[in-house]
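Step one of this worksheet: look at the structure below.
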Amino acid sequence: NGDYYEVGGFSANASGNFGDGGIFVFNVAGTLYWGMYYRNLSSVTGFSYSVSSNAVSIGWNCVELKHFTGTFNSTNGEEELYLNGEPIIDVKVSNSDRTPANVVIGGSQKVAKLTDTWNYYIGDVAVSSSYIGPIQ
């Protein structure tokens, strides 16, 4: 319980993995759920996360992250997570201080025990300025 792992996402030029928006898997009481970690200037730490009610299933899934950088001093930025073509998380945030410049595959993790292991496989990666949808 409490483990998480970044599958992929976006980072700014500030460093290699600077948390501007990420697709995460969260362990909640032994069940793995899809979720996001993202920049949010409205929070105390400057970051927030959201966990969906969609459990991770065995087999291939299409997971997509939409990021929109908002304007200064407003909460019109957007982070949206899609699973197999369906939106599962959509949040409005204050994220105007950094614009994503890099795509990150893998990344941050927190494991409760050093013996914990996570195996996942990535089949296709696509980056676009518009919605792509599941690859058929």
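The chains in the structure tokens are called A, B, ... from first to last as shown; in each chain the residues are counted from 1, and the ligands are counted from 1 in the order shown.
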Write out as a ChimeraX atom specification each polymer residue whose atoms come within 10 Å of range 126-130 of chain A, counting only C-alpha atoms; drop sequence neighbours fewer than 2 positions from it.
-> /A:64-68,103,124,132-133,135
What lies within 12 Å of Val28 in chain A using only C-alpha atoms, ignoring chain neighbours under 5 positions off, as a list in words?
->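 These residues fall inside the cut-off: Asn1, Gly2, Asp3, Tyr4, Tyr33, Trp34, Gly35, Val51, Ser52, Ser53, Asn54, Ala55, Val56 and Ala112 of chain A.
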Between A:Leu32, A:Ile122, A:Val25, A:Leu41, single out the one closest to Ser74 in chain A, counting only C-alpha atoms.
->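 The answer is A:Leu41, which sits nearest to Ser74 in chain A.
Shortest atom-to-atom contact with Gly106 in chain A among A:Pro87, A:Gly30, A:Gly8, A:Gly70: A:Gly8, counting only C-alpha atoms.
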Could you give me the residues within chain A that DSSP places in strand (DSSP E), as a PyMOL selection string?
-> chain A and resi 4-11+21-28+31-39+47-55+63-68+77-83+86-93+102-105+109-110
Record the distance separating CA of Ser48 in chain A and CA of Lys92 in chain A, expressed in Å with one decimal.
->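 Answer for the CA of Ser48 in chain A to CA of Lys92 in chain A separation: 11.2 Å.
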Counting only C-alpha atoms, what is within 12 Å of Gly77 in chain A, bar same-chain residues fewer than 6 positions away, as a VMD selection string?
-> chain A and resid 20 to 21 38 to 42 66 to 71 90 to 99
For CA of Ile89 in chain A and CA of Phe24 in chain A, determine how far apart the two atoms are, in Å to one decimal place.
->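 If I compute the distance from CA of Ile89 in chain A to CA of Phe24 in chain A, I get 12.0 Å.
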How many Å lie between CA of Ala101 in chain A and CA of Trp118 in chain A, rounded to one decimal?
-> 27.2 Å
Restricting to only C-alpha atoms, whichever of A:Glu86, A:Val125, A:Thr117, A:Tyr131 is closest to Ile105 in chain A is A:Val125
Extract, using only C-alpha atoms, all DNA, RNA and protein residues at most 8 Å from Cys62 in chain A, discarding same-chain residues fewer than 6 positions from it, and format them as a list of chain:residue names.
-> A:Tyr82, A:Leu83, A:Asn84, A:Gly85, A:Pro134, A:Ile135
Write the residues you've just listed into a file as an mmCIF file, in the first residue's frame, and include C-alpha atoms for each of them.
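See out-v7.cif below for the written result:
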```
data_model
loop_
_atom_site.group_PDB
_atom_site.id
_atom_site.type_symbol
_atom_site.label_atom_id
_atom_site.label_comp_id
_atom_site.auth_asym_id
_atom_site.auth_seq_id
_atom_site.Cartn_x
_atom_site.Cartn_y
_atom_site.Cartn_z
ATOM 1 C CA TYR A 82 -7.713 8.655 -20.930
ATOM 2 C CA LEU A 83 -7.895 4.869 -20.642
ATOM 3 C CA ASN A 84 -8.691 2.956 -23.828
ATOM 4 C CA GLY A 85 -10.226 6.073 -25.388
ATOM 5 C CA PRO A 134 -6.360 4.231 -29.151
ATOM 6 C CA ILE A 135 -4.093 2.648 -31.731
#
```
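Nearest to Glu80 in chain A of all the residues A:Tyr37, A:Trp60, A:Tyr121, A:Tyr5 is A:Tyr37, based on only C-alpha atoms.
Nearest residue to Asn27 in chain A, choosing from A:Asn61, A:Thr115, A:Asn76, A:Gln109 and counting only C-alpha atoms: A:Gln109.
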